[in-house]
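Just below is one structure, and these are the notes that go with it.
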Amino acid sequence: MASGSNPSTYGNTVTFTATVRTNGVAVGGIGGEMVAFYSGAAQLGTGALNGSGQAAYTTTATQLAAGAASITAVYAGNSTFAPSTNSPALSQTIDQAILTPGLTGTVSKSYDTTVNATLAAGNYTLSGVVSGDSVALNNPTTGTYDTMNAGSGKTITVTGLSISGVLSANYALSSTSVSDTVGTINPATLTYTADPASMIYGAPVPALSGSVTGFLGGDTQGNATTGTLTFTTPATSSSGVGTYAVNGSGLTANFGNALDSTFILHN
């Protein structure tokens, strides 16, 4: 008995060849008769003997599970030759197939004080599964970003990956972690807030002041924005009595925040 590939890998076919001999010499006059091939007690299939007393059988991709298999070939015999089998059995080693995890799509989160993002099942891929097998990737629900600044093309890293399923013992992961540039961090919103301001009719417009709110993650106006914060109003010293808008402007977003285009207006 001989194996065409030992060790083999789950998902690949293996060809076993058996030769019927008598007194150590191959029997040439039994061409066309059948030899049955077994893995343990389970019959794999049969092969017809040729004129040199040899028969072969090629397994299917999933016929041999990962691990060790005891392979035997059984010739049933005829009126001239007695039944025979190979002894000892051939020990065939089948290595696990290697699966490669990956990330796909877009994983999004808002800029905040955490580095984690929630992933969906559709964000994961698993390549290398043999056709017809059902193997699931058991994954954490969160990934870690490489940076917290807003933008796209952020590297997401997921660790602690594993697989499950009836046939999962036939497989191993190439890595229990995966990284890819599929992350997006959406900017947090900053809001201009003007302090209440009032003036007496006919008097000069007073200096206006205010602030920007909504900073996260330890950011401040000093490190999260650039420019000079200014506030304006359409009211003038000759404006009539009434209420006028106060608008904030002058800053440009920096790092992880974006400025709101809607200003808070005070009377």
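Chain labels follow the order of the structure tokens: the first chain is A, the next B, and so on; residue numbering restarts at 1 in every chain, and ligands are counted from 1 in their shown order.
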If DSSP is run on the backbone, what residues of segment 108-231 of chain A are helix (DSSP H, G or I)? A reply as an MDAnalysis selection string would be ideal. chainID A and resid 121:123 168:170 221:224
Go through segment 163-187 of chain A and flag each residue having an atom no more than 10 Å from segment 141-146 of chain A; for those, report the closest pair of atoms plus their distance in Å to one decimal, using only C-alpha atoms, ordered by chain and rising number, as a Markdown table.
```
| residue | atom | partner | partner_atom | distance |
| --- | --- | --- | --- | --- |
| A:Val178 | CA | A:Gly143 | CA | 9.5 |
| A:Ser179 | CA | A:Gly143 | CA | 9.1 |
| A:Asp180 | CA | A:Tyr145 | CA | 9.9 |
| A:Thr181 | CA | A:Tyr145 | CA | 9.4 |
| A:Val182 | CA | A:Tyr145 | CA | 9.8 |
| A:Gly183 | CA | A:Tyr145 | CA | 7.2 |
| A:Thr184 | CA | A:Tyr145 | CA | 9.0 |
| A:Ile185 | CA | A:Tyr145 | CA | 8.9 |
```
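With only C-alpha atoms as the atoms that count, the residue of A:Phe231, A:Phe81, A:Tyr111, A:Phe16 with the shortest distance to Ala2 of chain A is A:Phe16.
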For Gly165 of chain A: contacts at 7 Å, only C-alpha atoms, fewer than 5 positions along chain excluded, given as a VMD selection string: chain A and resid 134 to 136
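Near segment 25-27 of chain A, within 8 Å and counting only C-alpha atoms, sit Thr19, Val20, Arg21, Ser52, Gly53 and Gln54 of chain A, not including residues fewer than 4 positions from it in the same chain.
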When DSSP works through the backbone of this structure, what residues of segment 27-122 of chain A end up as strand (DSSP E or B), shown as an MDAnalysis selection string? chainID A and resid 34:39 42:48 54:58 67:75 84:85 90:95 97:103 107:110 116:118
Requested write-out: N, CA and C atoms of the selected residues, as a compact mmCIF listing (two decimals), in the first residue's frame:
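Now in selection.txt:
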```
# COMPACT_ATOMS: atom_id res chain seq x y z
N MET A 34 -11.79 -6.15 -8.27
CA MET A 34 -11.87 -4.93 -7.46
C MET A 34 -11.14 -5.06 -6.12
N VAL A 35 -10.57 -3.95 -5.70
CA VAL A 35 -9.99 -3.82 -4.36
C VAL A 35 -10.74 -2.72 -3.63
N ALA A 36 -11.15 -2.98 -2.42
CA ALA A 36 -11.87 -1.98 -1.61
C ALA A 36 -10.88 -1.28 -0.68
N PHE A 37 -10.99 0.04 -0.59
CA PHE A 37 -10.10 0.85 0.25
C PHE A 37 -10.90 1.38 1.45
N TYR A 38 -10.28 1.29 2.64
CA TYR A 38 -10.96 1.66 3.88
C TYR A 38 -10.11 2.65 4.68
N SER A 39 -10.82 3.52 5.39
CA SER A 39 -10.22 4.34 6.45
C SER A 39 -10.84 3.86 7.74
N ALA A 42 -14.58 2.45 7.78
CA ALA A 42 -15.40 3.10 6.75
C ALA A 42 -14.78 2.88 5.36
N GLN A 43 -15.59 2.38 4.45
CA GLN A 43 -15.09 2.17 3.09
C GLN A 43 -15.03 3.50 2.35
N LEU A 44 -13.86 3.77 1.77
CA LEU A 44 -13.68 4.98 0.99
C LEU A 44 -14.19 4.82 -0.43
N GLY A 45 -13.90 3.69 -1.02
CA GLY A 45 -14.28 3.41 -2.39
C GLY A 45 -13.53 2.19 -2.90
N THR A 46 -13.61 1.94 -4.19
CA THR A 46 -12.97 0.77 -4.78
C THR A 46 -12.14 1.17 -6.00
N GLY A 47 -11.21 0.31 -6.34
CA GLY A 47 -10.40 0.50 -7.53
C GLY A 47 -10.20 -0.83 -8.25
N ALA A 48 -10.18 -0.81 -9.57
CA ALA A 48 -10.01 -2.03 -10.36
C ALA A 48 -8.54 -2.37 -10.52
N GLN A 54 -2.16 -4.08 -9.65
CA GLN A 54 -2.29 -2.85 -8.87
C GLN A 54 -3.68 -2.24 -9.03
N ALA A 55 -4.18 -1.65 -7.95
CA ALA A 55 -5.45 -0.92 -7.96
C ALA A 55 -5.24 0.39 -7.21
N ALA A 56 -5.95 1.40 -7.64
CA ALA A 56 -5.80 2.73 -7.01
C ALA A 56 -7.16 3.33 -6.72
N TYR A 57 -7.18 4.17 -5.68
CA TYR A 57 -8.39 4.93 -5.37
C TYR A 57 -7.98 6.33 -4.94
N THR A 58 -8.70 7.34 -5.46
CA THR A 58 -8.43 8.73 -5.11
C THR A 58 -9.59 9.27 -4.28
N GLY A 67 -6.22 14.81 11.01
CA GLY A 67 -5.77 13.89 12.06
C GLY A 67 -5.00 12.74 11.46
N ALA A 68 -5.18 11.55 12.02
CA ALA A 68 -4.50 10.35 11.51
C ALA A 68 -5.55 9.34 11.05
N ALA A 69 -5.31 8.72 9.92
CA ALA A 69 -6.23 7.71 9.38
C ALA A 69 -5.48 6.41 9.16
N SER A 70 -6.14 5.30 9.46
CA SER A 70 -5.57 3.97 9.24
C SER A 70 -6.16 3.42 7.95
N ILE A 71 -5.33 3.33 6.90
CA ILE A 71 -5.80 2.98 5.56
C ILE A 71 -5.46 1.51 5.24
N THR A 72 -6.49 0.79 4.80
CA THR A 72 -6.30 -0.59 4.38
C THR A 72 -6.94 -0.81 3.01
N ALA A 73 -6.39 -1.77 2.28
CA ALA A 73 -6.95 -2.19 0.99
C ALA A 73 -7.29 -3.68 1.09
N VAL A 74 -8.48 -4.05 0.68
CA VAL A 74 -8.95 -5.43 0.83
C VAL A 74 -9.26 -6.02 -0.54
N TYR A 75 -8.58 -7.14 -0.84
CA TYR A 75 -8.87 -7.90 -2.05
C TYR A 75 -9.69 -9.11 -1.63
N SER A 84 -7.01 -11.02 0.72
CA SER A 84 -5.82 -10.45 1.37
C SER A 84 -6.05 -8.98 1.69
N THR A 85 -5.25 -8.47 2.63
CA THR A 85 -5.27 -7.06 2.98
C THR A 85 -3.86 -6.66 3.42
N LEU A 90 -1.71 1.27 6.53
CA LEU A 90 -0.96 2.49 6.22
C LEU A 90 -1.46 3.62 7.12
N SER A 91 -0.56 4.30 7.80
CA SER A 91 -0.92 5.44 8.64
C SER A 91 -0.81 6.72 7.82
N GLN A 92 -1.95 7.34 7.57
CA GLN A 92 -2.01 8.56 6.77
C GLN A 92 -2.23 9.75 7.70
N THR A 93 -1.38 10.77 7.57
CA THR A 93 -1.54 11.99 8.36
C THR A 93 -2.21 13.05 7.51
N ILE A 94 -3.28 13.65 8.05
CA ILE A 94 -4.00 14.71 7.35
C ILE A 94 -3.89 15.98 8.18
N ASP A 95 -3.19 16.98 7.64
CA ASP A 95 -3.04 18.26 8.34
C ASP A 95 -4.29 19.11 8.19
N ALA A 97 -6.54 22.25 7.25
CA ALA A 97 -6.50 23.31 6.25
C ALA A 97 -6.41 24.66 6.97
N ILE A 98 -5.74 25.61 6.36
CA ILE A 98 -5.52 26.91 6.98
C ILE A 98 -6.52 27.92 6.41
N LEU A 99 -7.25 28.57 7.31
CA LEU A 99 -8.21 29.60 6.94
C LEU A 99 -7.62 30.98 7.24
N THR A 100 -7.92 31.93 6.37
CA THR A 100 -7.41 33.28 6.54
C THR A 100 -8.55 34.24 6.82
N PRO A 101 -8.57 34.86 8.01
CA PRO A 101 -9.62 35.84 8.31
C PRO A 101 -9.30 37.19 7.71
N GLY A 102 -10.33 37.97 7.46
CA GLY A 102 -10.13 39.31 6.91
C GLY A 102 -11.26 40.23 7.31
N LEU A 103 -11.10 41.51 6.99
CA LEU A 103 -12.12 42.52 7.23
C LEU A 103 -12.52 43.13 5.90
N VAL A 107 -16.10 50.14 8.61
CA VAL A 107 -16.43 50.14 10.03
C VAL A 107 -16.37 51.59 10.52
N SER A 108 -17.49 52.08 11.03
CA SER A 108 -17.55 53.50 11.39
C SER A 108 -17.86 53.69 12.86
N LYS A 109 -17.34 54.75 13.41
CA LYS A 109 -17.69 55.18 14.75
C LYS A 109 -17.51 56.70 14.81
N SER A 110 -18.10 57.29 15.84
CA SER A 110 -17.94 58.72 16.04
C SER A 110 -16.70 58.99 16.88
N ASN A 116 -12.75 51.89 20.62
CA ASN A 116 -13.41 50.70 20.09
C ASN A 116 -14.51 51.04 19.11
N ALA A 117 -14.71 50.17 18.16
CA ALA A 117 -15.80 50.30 17.19
C ALA A 117 -16.56 48.98 17.13
N THR A 118 -17.86 49.06 16.97
CA THR A 118 -18.68 47.85 16.87
C THR A 118 -18.65 47.33 15.44
```
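Picture a line from atom CA of Asn257 of chain A to atom CA of Ala188 of chain A; it runs 4.8 Å.
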When distances are computed from only C-alpha atoms, which of A:Ser168, A:Thr106, A:Leu137, A:Pro234 shows the smallest separation from Ala121 of chain A?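 Counting only C-alpha atoms, the residue closest to Ala121 of chain A is A:Leu137.
If only C-alpha atoms are the atoms counted, then among A:Ile30, A:Val14, A:Ala61, A:Val212 the closest residue to Ala76 of chain A is A:Ile30.
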Between atom CA of Ser211 of chain A and atom CA of Ser237 of chain A, distance in Å (one decimal): 24.3 Å
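Nearest to Thr113 of chain A of all the residues A:Ala194, A:Leu216, A:Ala150, A:Ala65 is A:Leu216, based on only C-alpha atoms.
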May I ask which of the residues A:Thr13, A:Asn86, A:Thr125, A:Asn78 is the closest one to Met1 of chain A, counting only C-alpha atoms?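 Looking only at the distances to Met1 of chain A, the closest residue turns out to be A:Asn86.
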